[in-house]
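Asks: Sharing a structure, written as structure tokens. Questions coming.
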Amino acid sequence: MNCRRRSRFVVGTLAGLTIIGGSALPALASGGLAWRVVHRYAPGGYAAYLSIAASGPHAWAVGSGRSFAADGVPTAAYFNGRRWSLTHLPGKPQFGELEQVSADSPDDAWAIADFVVLHWHEGKWTVARTWKPRDGGPPGPLWTGLTALSPTNVWAFGPTLGTWHLHGRTWTKVAGAGRTIYAASAISANDMWAIGGKANGSLLHYGRGAWHAAPAPGHGTLQFGAILAAAHGRVWVTASPKNGTGFELLKLTNTTWTVYKPPGSLPLNVDTFHVSDAAICQDGHGGFWITANSTLWYSNWLLHFSSRRHWTEVPMHKAKVFDVVLNQGTGALRAAGSIPRTQTQFSRTDAVVWKYKAAR
């Protein structure tokens, strides 16, 4: 059964911000929402796919194959249009988990881990760029965003190493407003939006070759989680109150922000402590799939926000979804994350990829 609830909206204005709120609504079942596991990697220990990308018939999922210590063992899987398989990583990687992946074409993808950028080309991964550890300071998750626009135009974002841009064959560290970007979304190479600033509380826009601060809702009271630039002048972000619980989906249309709140019964936020736990993805039908973190350790959700502005909750229980991607060419929706092997709080986990098929 696919149970939905419909919000009754009250619209008002507060300091130039259009607010749309809904009353508390009954809980939803999710049996009709057909997210099913299509790939599972179980090396032992704690495995997870943290990021997923797709282009044409191909897809890539990256993450950690084992994580007994602070840094995991890098793992990457590839879908060739027929099946998923693990891919060989160059040499004997000494870097930790692969934190982000982005594809700009069916044959060109990029991934990043600690002090290394990898490039997928001609069916294999090669090392494209390395940093010395002293450039980044202490070990740990260094990258929180990666946007590949072409084989010669790639952006990497992280709170420790900063923002780096590959233009042609040269990687350059970005100064100015764009130096502390958390994640970005591109409409084109000259039209991008990003989350940045202290505690992920700022929004930025890239145009005419530079990053600039953009007006943000909440007047500094919000922490942003995920961002999606859907079209020129139309941007979506998820947000929570700083140092608090709550979850909102915000839409920018030209200069007006509109807020859509999911059912108030769920203890959700956009906690960005982990490198990849906030995502928003178009569903191909005018709506969105959104990852939502729980303030409770034992449950997480995928949220669906339809083109009719209806919310549907898909409880993932102890499974964790880190990223969701829509293949624009095929319409396929995939998600990446992990599934625990047992029902205990600190169970070892397997890395998994889910695929969505609409309920009939």
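Going by the structure tokens order, chains are called A, B, ..., each with residues numbered from 1, while ligands are numbered from 1 in the order shown.
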Among stretch 67-216 of chain A, which residues does DSSP mark as alpha helix (DSSP H) when it is run on the backbone? Keep the chain and numbering as in the structure and answer as a PyMOL selection string.
Replies: chain A and resi 133-136
Asks: Under the rule of at most 7 Å, produce a per-residue listing of stretch 139-188 of chain A near stretch 207-231 of chain A: chain, number, name, the closest pair of atoms, and the distance in Å, as a tab-separated table, using only C-alpha atoms.
Replies:
```
residue	atom	partner	partner_atom	distance
A:Ala177	CA	A:Trp211	CA	5.8
A:Gly178	CA	A:Trp211	CA	5.2
A:Ala184	CA	A:Ile227	CA	6.6
A:Ser185	CA	A:Leu228	CA	5.4
A:Ala186	CA	A:Ala229	CA	6.1
A:Ile187	CA	A:Ala229	CA	6.0
```
Asks: Going by DSSP on the backbone, which bits of stretch 282-340 of chain A are strand (DSSP E or B)? Write them as a ChimeraX atom specification, please.
Replies: /A:282,288-294,300-305,311-317,320-326,333-340
Asks: Figure out the distance between atom CA of A:Ile112 and atom CA of A:Val73, please, to one decimal in Å.
Replies: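 Atom CA of A:Ile112 lies 13.0 Å from atom CA of A:Val73.
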Asks: When you look at stretch 78-82 of chain A with a cut-off of 9 Å (counting only C-alpha atoms), what residues show up, excluding the ones that are within fewer than 5 positions of it in the same chain? I need them as a compact mmCIF listing (two decimals) with C-alpha atoms, in the first residue's frame.
Replies:
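Written output follows (result-v8.txt):
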```
# COMPACT_ATOMS: atom_id res chain seq x y z
CA ALA A 54 24.77 8.20 -13.49
CA GLY A 56 23.54 7.38 -20.16
CA PRO A 57 23.32 3.65 -19.45
CA HIS A 58 26.15 3.79 -16.89
CA ALA A 59 26.36 4.45 -13.16
CA TRP A 60 29.05 4.63 -10.49
CA ALA A 61 28.84 4.17 -6.71
CA VAL A 62 31.74 4.91 -4.36
CA THR A 87 36.16 -1.77 -10.15
```
Asks: Could you pull the residues within 9 Å of A:Gly337, counting only C-alpha atoms, minus those fewer than 3 positions along the same chain, as a PDB file with N, CA and C atoms, in the first residue's frame?
Replies:
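Saved the output as selection-v1.pdb:
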```pdb
ATOM      1  N   ALA A  47      30.719  -1.383   5.686  1.00  0.00           N
ATOM      2  CA  ALA A  47      30.797  -0.960   4.291  1.00  0.00           C
ATOM      3  C   ALA A  47      29.609  -0.077   3.956  1.00  0.00           C
ATOM      4  N   ALA A  48      29.827   0.916   3.079  1.00  0.00           N
ATOM      5  CA  ALA A  48      28.747   1.807   2.652  1.00  0.00           C
ATOM      6  C   ALA A  48      29.139   2.467   1.350  1.00  0.00           C
ATOM      7  N   TYR A  49      28.155   2.662   0.483  1.00  0.00           N
ATOM      8  CA  TYR A  49      28.335   3.532  -0.674  1.00  0.00           C
ATOM      9  C   TYR A  49      27.845   4.920  -0.271  1.00  0.00           C
ATOM     10  N   LEU A  50      28.731   5.908  -0.379  1.00  0.00           N
ATOM     11  CA  LEU A  50      28.440   7.248   0.096  1.00  0.00           C
ATOM     12  C   LEU A  50      27.930   8.181  -0.993  1.00  0.00           C
ATOM     13  N   SER A  51      28.209   7.852  -2.256  1.00  0.00           N
ATOM     14  CA  SER A  51      27.836   8.754  -3.343  1.00  0.00           C
ATOM     15  C   SER A  51      27.573   7.936  -4.598  1.00  0.00           C
ATOM     16  N   GLY A  63      32.488   4.552  -2.107  1.00  0.00           N
ATOM     17  CA  GLY A  63      32.371   4.648  -0.666  1.00  0.00           C
ATOM     18  C   GLY A  63      33.493   3.951   0.034  1.00  0.00           C
ATOM     19  N   ALA A 319      18.557   0.878   7.734  1.00  0.00           N
ATOM     20  CA  ALA A 319      19.313   1.143   6.511  1.00  0.00           C
ATOM     21  C   ALA A 319      19.548   2.643   6.390  1.00  0.00           C
ATOM     22  N   LYS A 320      20.635   3.008   5.721  1.00  0.00           N
ATOM     23  CA  LYS A 320      21.003   4.408   5.593  1.00  0.00           C
ATOM     24  C   LYS A 320      21.198   4.756   4.125  1.00  0.00           C
ATOM     25  N   VAL A 321      20.465   5.772   3.649  1.00  0.00           N
ATOM     26  CA  VAL A 321      20.633   6.262   2.282  1.00  0.00           C
ATOM     27  C   VAL A 321      21.464   7.532   2.330  1.00  0.00           C
ATOM     28  N   PHE A 322      22.576   7.543   1.601  1.00  0.00           N
ATOM     29  CA  PHE A 322      23.448   8.707   1.582  1.00  0.00           C
ATOM     30  C   PHE A 322      23.235   9.576   0.344  1.00  0.00           C
ATOM     31  N   ASP A 323      22.816   8.988  -0.753  1.00  0.00           N
ATOM     32  CA  ASP A 323      22.740   9.754  -1.990  1.00  0.00           C
ATOM     33  C   ASP A 323      21.686   9.147  -2.904  1.00  0.00           C
ATOM     34  N   ASP A 350      26.609  -3.685   5.113  1.00  0.00           N
ATOM     35  CA  ASP A 350      26.959  -3.948   3.718  1.00  0.00           C
ATOM     36  C   ASP A 350      26.657  -2.707   2.895  1.00  0.00           C
ATOM     37  N   ALA A 351      27.486  -2.463   1.894  1.00  0.00           N
ATOM     38  CA  ALA A 351      27.238  -1.364   0.961  1.00  0.00           C
ATOM     39  C   ALA A 351      26.212  -1.805  -0.072  1.00  0.00           C
ATOM     40  N   VAL A 352      25.238  -0.944  -0.355  1.00  0.00           N
ATOM     41  CA  VAL A 352      24.165  -1.349  -1.262  1.00  0.00           C
ATOM     42  C   VAL A 352      23.817  -0.212  -2.222  1.00  0.00           C
ATOM     43  N   VAL A 353      23.249  -0.621  -3.367  1.00  0.00           N
ATOM     44  CA  VAL A 353      22.615   0.292  -4.307  1.00  0.00           C
ATOM     45  C   VAL A 353      21.178  -0.147  -4.467  1.00  0.00           C
ATOM     46  N   TRP A 354      20.241   0.800  -4.325  1.00  0.00           N
ATOM     47  CA  TRP A 354      18.833   0.534  -4.562  1.00  0.00           C
ATOM     48  C   TRP A 354      18.431   1.108  -5.921  1.00  0.00           C
TER      49      TRP A 354
END
```
Asks: I'd like the contact shell of stretch 283-290 of chain A - 9 Å cut-off, only C-alpha atoms, skipping same-chain residues fewer than 5 positions apart - returned as a VMD selection string.
Replies: chain A and resid 226 238 278 301 to 309 323 to 328 331 to 333
